[in-house]
file query-v7.cif (mmCIF, C-alpha atoms)
data_work
loop_
_atom_site.group_PDB
_atom_site.id
_atom_site.type_symbol
_atom_site.label_atom_id
_atom_site.label_comp_id
_atom_site.auth_asym_id
_atom_site.auth_seq_id
_atom_site.Cartn_x
_atom_site.Cartn_y
_atom_site.Cartn_z
ATOM 1 C CA MET A 1 234.199 -51.970 68.777
ATOM 2 C CA VAL A 2 233.565 -54.118 65.701
ATOM 3 C CA THR A 3 236.770 -55.386 64.070
ATOM 4 C CA ASN A 4 235.306 -56.922 60.911
ATOM 5 C CA SER A 5 237.448 -56.108 57.847
ATOM 6 C CA THR A 6 234.483 -55.337 55.565
ATOM 7 C CA ILE A 7 231.551 -52.960 55.767
ATOM 8 C CA LYS A 8 228.201 -53.653 54.138
ATOM 9 C CA PHE A 9 226.083 -50.878 52.684
ATOM 10 C CA LEU A 10 222.407 -51.423 51.923
ATOM 11 C CA CYS A 11 222.092 -49.155 48.862
ATOM 12 C CA SER A 12 218.678 -48.009 47.621
ATOM 13 C CA TYR A 13 218.275 -46.055 44.403
ATOM 14 C CA GLY A 14 215.603 -45.206 41.851
ATOM 15 C CA GLY A 15 212.791 -44.863 44.419
ATOM 16 C CA LYS A 16 211.550 -42.306 46.933
ATOM 17 C CA ILE A 17 211.063 -41.939 50.660
ATOM 18 C CA LEU A 18 207.288 -41.703 51.159
ATOM 19 C CA PRO A 19 204.849 -41.931 54.076
ATOM 20 C CA ARG A 20 203.280 -45.337 54.513
ATOM 21 C CA TYR A 21 199.517 -45.616 54.651
ATOM 22 C CA PRO A 22 197.836 -45.655 57.262
ATOM 23 C CA ASP A 23 200.377 -44.748 59.970
ATOM 24 C CA GLY A 24 202.401 -42.198 57.966
ATOM 25 C CA LYS A 25 205.745 -43.766 58.906
ATOM 26 C CA LEU A 26 208.381 -43.083 56.258
ATOM 27 C CA ARG A 27 209.435 -45.976 54.017
ATOM 28 C CA TYR A 28 211.532 -46.300 50.870
ATOM 29 C CA ASN A 29 209.174 -47.041 47.979
ATOM 30 C CA GLY A 30 210.121 -48.380 44.540
ATOM 31 C CA GLY A 31 213.520 -48.522 42.924
ATOM 32 C CA HIS A 32 216.223 -51.056 43.640
ATOM 33 C CA THR A 33 218.095 -52.109 46.769
ATOM 34 C CA ARG A 34 221.443 -53.891 46.680
ATOM 35 C CA VAL A 35 224.106 -54.807 49.218
ATOM 36 C CA LEU A 36 227.624 -53.503 48.607
ATOM 37 C CA ALA A 37 230.516 -54.930 50.644
ATOM 38 C CA VAL A 38 233.741 -52.918 50.726
ATOM 39 C CA PRO A 39 236.938 -53.022 52.783
ATOM 40 C CA ARG A 40 236.774 -51.030 55.986
ATOM 41 C CA SER A 41 239.671 -48.901 54.733
ATOM 42 C CA VAL A 42 237.734 -47.695 51.659
ATOM 43 C CA SER A 43 238.095 -44.012 50.830
ATOM 44 C CA PHE A 44 235.104 -41.826 50.049
ATOM 45 C CA SER A 45 236.113 -41.465 46.394
ATOM 46 C CA GLU A 46 236.410 -45.257 45.968
ATOM 47 C CA LEU A 47 233.043 -45.791 47.656
ATOM 48 C CA ALA A 48 231.356 -43.118 45.519
ATOM 49 C CA SER A 49 232.868 -44.692 42.406
ATOM 50 C CA LYS A 50 231.567 -48.173 43.307
ATOM 51 C CA MET A 51 228.095 -46.812 44.071
ATOM 52 C CA ALA A 52 228.021 -44.823 40.830
ATOM 53 C CA GLU A 53 229.027 -47.966 38.920
ATOM 54 C CA MET A 54 226.224 -49.889 40.606
ATOM 55 C CA CYS A 55 223.629 -47.234 39.639
ATOM 56 C CA GLY A 56 224.982 -46.453 36.205
ATOM 57 C CA SER A 57 225.494 -42.720 36.854
ATOM 58 C CA THR A 58 227.066 -40.307 39.317
ATOM 59 C CA VAL A 59 225.179 -40.117 42.600
ATOM 60 C CA THR A 60 224.855 -38.158 45.818
ATOM 61 C CA ILE A 61 225.208 -40.288 48.933
ATOM 62 C CA ARG A 62 222.819 -39.825 51.856
ATOM 63 C CA CYS A 63 222.796 -42.230 54.791
ATOM 64 C CA GLN A 64 220.409 -43.038 57.600
ATOM 65 C CA LEU A 65 222.028 -42.818 61.005
ATOM 66 C CA PRO A 66 221.465 -45.962 63.100
ATOM 67 C CA THR A 67 219.412 -44.171 65.754
ATOM 68 C CA GLU A 68 217.425 -41.900 63.405
ATOM 69 C CA ASP A 69 214.333 -42.279 61.243
ATOM 70 C CA LEU A 70 214.234 -41.795 57.475
ATOM 71 C CA ASP A 71 213.295 -38.130 57.881
ATOM 72 C CA ALA A 72 216.894 -37.124 58.668
ATOM 73 C CA PRO A 73 219.353 -38.723 56.219
ATOM 74 C CA VAL A 74 222.847 -37.212 56.340
ATOM 75 C CA SER A 75 224.961 -36.355 53.310
ATOM 76 C CA VAL A 76 228.326 -38.050 52.972
ATOM 77 C CA THR A 77 230.732 -35.961 50.885
ATOM 78 C CA SER A 78 234.230 -36.648 52.228
ATOM 79 C CA ASP A 79 236.511 -39.159 53.924
ATOM 80 C CA GLU A 80 235.799 -37.456 57.264
ATOM 81 C CA ASP A 81 232.011 -37.823 56.794
ATOM 82 C CA LEU A 82 232.480 -41.511 55.936
ATOM 83 C CA ALA A 83 234.696 -42.123 58.992
ATOM 84 C CA ASN A 84 232.131 -40.411 61.270
ATOM 85 C CA LEU A 85 229.303 -42.491 59.773
ATOM 86 C CA ILE A 86 231.185 -45.760 60.297
ATOM 87 C CA GLU A 87 231.969 -44.722 63.872
ATOM 88 C CA GLU A 88 228.251 -44.080 64.548
ATOM 89 C CA TYR A 89 227.365 -47.569 63.306
ATOM 90 C CA ASP A 90 230.212 -49.141 65.300
ATOM 91 C CA LEU A 91 228.888 -47.556 68.508
ATOM 92 C CA VAL A 92 225.452 -49.192 68.194
ATOM 93 C CA SER A 93 226.500 -52.546 66.766
ATOM 94 C CA SER A 94 228.597 -54.040 69.547
ATOM 95 C CA SER A 95 228.175 -57.769 68.777
ATOM 96 C CA SER A 96 227.197 -58.041 65.115
ATOM 97 C CA PRO A 97 227.875 -55.483 62.401
ATOM 98 C CA MET A 98 224.912 -53.616 60.943
ATOM 99 C CA LYS A 99 224.409 -52.733 57.299
ATOM 100 C CA ILE A 100 224.675 -49.002 56.666
ATOM 101 C CA ARG A 101 221.505 -47.770 54.945
ATOM 102 C CA VAL A 102 222.348 -45.563 51.928
ATOM 103 C CA PHE A 103 220.062 -43.624 49.579
ATOM 104 C CA LEU A 104 221.579 -42.785 46.225
ATOM 105 C CA ASN A 105 220.181 -39.969 44.103
ATOM 106 C CA PRO A 106 221.341 -38.295 40.924
ATOM 107 C CA PRO A 107 223.152 -35.061 41.716
ATOM 108 C CA LYS A 108 221.059 -31.890 41.721
ATOM 109 C CA SER A 109 221.354 -29.876 38.535
ATOM 110 C CA THR A 110 223.495 -26.779 38.895
ATOM 111 C CA ILE A 111 222.696 -25.303 35.486
ATOM 112 C CA ALA A 112 221.988 -21.578 35.762
ATOM 113 C CA PRO A 113 219.016 -20.091 33.915
ATOM 114 C CA PRO A 114 219.866 -18.175 30.736
ATOM 115 C CA PRO A 115 220.647 -14.483 31.298
ATOM 116 C CA LEU A 116 217.990 -11.890 30.547
ATOM 117 C CA ALA A 117 218.431 -9.854 27.384
ATOM 118 C CA LEU A 118 219.370 -6.395 28.565
ATOM 119 C CA PRO A 119 220.271 -3.364 26.449
ATOM 120 C CA SER A 120 223.982 -3.216 25.747
ATOM 121 C CA PRO A 121 225.941 -0.905 28.057
ATOM 122 C CA ASN A 122 227.749 0.855 25.188
ATOM 123 C CA THR A 123 224.576 2.634 23.947
ATOM 124 C CA SER A 124 224.571 6.226 25.172
ATOM 125 C CA SER A 125 221.520 7.709 26.842
ATOM 126 C CA SER A 126 222.014 11.029 25.043
ATOM 127 C CA SER A 127 221.626 9.510 21.595
ATOM 128 C CA SER A 128 218.803 10.980 19.541
ATOM 129 C CA SER A 129 217.867 7.709 17.843
ATOM 130 C CA PRO A 130 214.534 6.236 18.956
ATOM 131 C CA ARG A 131 214.436 2.977 20.879
ATOM 132 C CA SER A 132 214.010 -0.131 18.811
ATOM 133 C CA PRO A 133 210.444 -1.465 18.689
ATOM 134 C CA SER A 134 211.453 -4.699 20.392
ATOM 135 C CA MET A 135 212.706 -2.793 23.440
ATOM 136 C CA SER A 136 209.564 -0.670 23.784
ATOM 137 C CA LYS A 137 207.125 -3.583 24.029
ATOM 138 C CA PRO A 138 206.332 -4.888 27.509
ATOM 139 C CA PRO A 139 207.284 -8.521 28.100
ATOM 140 C CA LEU A 140 204.600 -11.124 27.562
ATOM 141 C CA PRO A 141 203.045 -12.511 30.748
ATOM 142 C CA LEU A 142 203.993 -16.021 31.693
ATOM 143 C CA SER A 143 201.476 -18.608 30.643
ATOM 144 C CA PRO A 144 199.721 -20.360 33.525
ATOM 145 C CA PRO A 145 201.391 -23.621 34.511
ATOM 146 C CA ARG A 146 199.904 -26.782 33.101
ATOM 147 C CA LEU A 147 198.300 -28.832 35.864
ATOM 148 C CA THR A 148 198.250 -32.592 35.681
ATOM 149 C CA THR A 149 196.832 -35.104 38.103
ATOM 150 C CA VAL A 150 198.922 -38.214 38.596
ATOM 151 C CA LYS A 151 197.994 -41.402 40.439
ATOM 152 C CA ASN A 152 200.931 -42.154 42.691
ATOM 153 C CA GLN A 153 202.196 -45.613 43.658
ATOM 154 C CA CYS A 154 201.324 -44.801 47.272
ATOM 155 C CA TYR A 155 198.090 -46.730 47.932
ATOM 156 C CA GLY A 156 195.763 -44.756 45.679
ATOM 157 C CA CYS A 157 196.842 -41.261 46.707
ATOM 158 C CA TYR A 158 196.874 -38.465 44.162
ATOM 159 C CA PHE A 159 199.009 -35.394 43.749
ATOM 160 C CA HIS A 160 198.869 -32.502 41.338
ATOM 161 C CA ARG A 161 202.014 -31.577 39.457
ATOM 162 C CA ASN A 162 202.705 -28.533 37.375
ATOM 163 C CA SER A 163 205.932 -27.169 35.955
ATOM 164 C CA ARG A 164 206.789 -25.309 39.173
ATOM 165 C CA ASN A 165 205.290 -27.143 42.160
ATOM 166 C CA VAL A 166 203.960 -30.440 43.457
ATOM 167 C CA TYR A 167 200.790 -30.154 45.541
ATOM 168 C CA LEU A 168 199.935 -32.763 48.145
ATOM 169 C CA VAL A 169 196.425 -34.155 48.393
ATOM 170 C CA HIS A 170 194.622 -35.198 51.573
ATOM 171 C CA ASN A 171 193.943 -38.934 51.549
ATOM 172 C CA GLY A 172 191.794 -40.112 54.421
ATOM 173 C CA ASN A 173 193.681 -39.423 57.630
ATOM 174 C CA HIS A 174 196.795 -37.610 56.406
ATOM 175 C CA TRP A 175 198.338 -35.429 53.714
ATOM 176 C CA GLN A 176 200.443 -37.063 51.049
#
call {"tool": "encode", "arguments": {"input": "query-v7.cif", "output": "structure tokens"}}
result
Amino acid sequence: MVTNSTIKFLCSYGGKILPRYPDGKLRYNGGHTRVLAVPRSVSFSELASKMAEMCGSTVTIRCQLPTEDLDAPVSVTSDEDLANLIEEYDLVSSSSPMKIRVFLNPPKSTIAPPPLALPSPNTSSSSSSPRSPSMSKPPLPLSPPRLTTVKNQCYGCYFHRNSRNVYLVHNGNHWQ
């Protein structure tokens, strides 16, 4: 068991995990990477605060387990998660401590879409007044999404983005 009094986190933010050309192995591309050293007794809330200060905004914390690839980062959301993560790294780093690889992202938006305009419930169905013209018209169809082609930073690959989806494009030997 490692008895060092500090833990080092290798924090990456502002980039993306993308497949590397030509072998398709996942790598972190773009953004910034910094080392953060904290006491081993750090709580999750203190750690999240330090990482948010480093990035300039609140973040979600996802970590790479020492024996896993980048395709399976785990979320750290509590003191228990943090303790389990540190224990995993302690098990594989018997002689020298390893840096814990962390990916910081802005939190996902939880804003709900606006409610649909429905007729008010206090209008009676037996009323003899005709429906208002705005209620009798069918809704307009959604306009087709605007499609844009963007050259990605990933070795000349292209992807198509519209307001709803991102489409991958085949580039030589693999999909990106």
call {"tool": "residues_near_point", "arguments": {"input": "query-v7.cif", "point": "(211.4, -46.0, 47.3)", "cutoff": "6 Å", "atoms": "all atoms listed in the file", "output": "mmCIF file with C-alpha atoms, in the frame of the given file"}}
result
data_model
loop_
_atom_site.group_PDB
_atom_site.id
_atom_site.type_symbol
_atom_site.label_atom_id
_atom_site.label_comp_id
_atom_site.auth_asym_id
_atom_site.auth_seq_id
_atom_site.Cartn_x
_atom_site.Cartn_y
_atom_site.Cartn_z
ATOM 1 C CA GLY A 15 212.791 -44.863 44.419
ATOM 2 C CA LYS A 16 211.550 -42.306 46.933
ATOM 3 C CA ILE A 17 211.063 -41.939 50.660
ATOM 4 C CA TYR A 28 211.532 -46.300 50.870
ATOM 5 C CA ASN A 29 209.174 -47.041 47.979
ATOM 6 C CA GLY A 30 210.121 -48.380 44.540
ATOM 7 C CA GLY A 31 213.520 -48.522 42.924
#
call {"tool": "atom_distance", "arguments": {"input": "query-v7.cif", "atom1": "atom CA of Pro22 of chain A", "atom2": "atom CA of Arg62 of chain A"}}
result
26.2 Å
call {"tool": "atom_distance", "arguments": {"input": "query-v7.cif", "atom1": "atom CA of Thr60 of chain A", "atom2": "atom CA of Leu85 of chain A"}}
result
15.3 Å
call {"tool": "closest_residue", "arguments": {"input": "query-v7.cif", "among": "A:Asn105, A:Gly24, A:Thr6, A:Cys11", "to": "Thr58 of chain A", "atoms": "all atoms listed in the file"}}
result
A:Asn105
call {"tool": "atom_distance", "arguments": {"input": "query-v7.cif", "atom1": "atom CA of Met98 of chain A", "atom2": "atom CA of Pro66 of chain A"}}
result
8.7 Å
call {"tool": "resolve_selection", "arguments": {"input": "query-v7.cif", "expression": "the PyMOL selection byres ((chain A and resi 100) around 6)", "output": "PDB file with C-alpha atoms, in the frame of the given file"}}
result
ATOM      1  CA  PHE A   9     226.083 -50.878  52.684  1.00  0.00           C
ATOM      2  CA  LEU A  10     222.407 -51.423  51.923  1.00  0.00           C
ATOM      3  CA  LYS A  99     224.409 -52.733  57.299  1.00  0.00           C
ATOM      4  CA  ARG A 101     221.505 -47.770  54.945  1.00  0.00           C
TER       5      ARG A 101
END
call {"tool": "residues_around", "arguments": {"input": "query-v7.cif", "residues": "Leu26 of chain A", "least_positions_apart": "6", "cutoff": "12 Å", "atoms": "all atoms listed in the file", "output": "PyMOL selection string"}}
result
chain A and resi 16-20+68-73+154+176
call {"tool": "resolve_selection", "arguments": {"input": "query-v7.cif", "expression": "the PyMOL selection byres ((chain A and resi 37-39) around 10)", "output": "list of chain:residue names"}}
result
A:Asn4, A:Ser5, A:Thr6, A:Ile7, A:Lys8, A:Phe9, A:Leu10, A:Arg34, A:Val35, A:Leu36, A:Arg40, A:Ser41, A:Val42, A:Ser43, A:Glu46, A:Leu47, A:Lys50, A:Lys99
call {"tool": "closest_residue", "arguments": {"input": "query-v7.cif", "among": "A:Gln64, A:Ser12, A:Lys25, A:Cys55", "to": "Ile86 of chain A", "atoms": "all atoms listed in the file"}}
result
A:Gln64
call {"tool": "closest_residue", "arguments": {"input": "query-v7.cif", "among": "A:Glu87, A:Phe103, A:Gly14, A:Lys108", "to": "Ser75 of chain A", "atoms": "only C-alpha atoms"}}
result
A:Phe103
call {"tool": "closest_residue", "arguments": {"input": "query-v7.cif", "among": "A:His32, A:Val59, A:Thr67, A:Asp90", "to": "Ser45 of chain A", "atoms": "only C-alpha atoms"}}
result
A:Val59
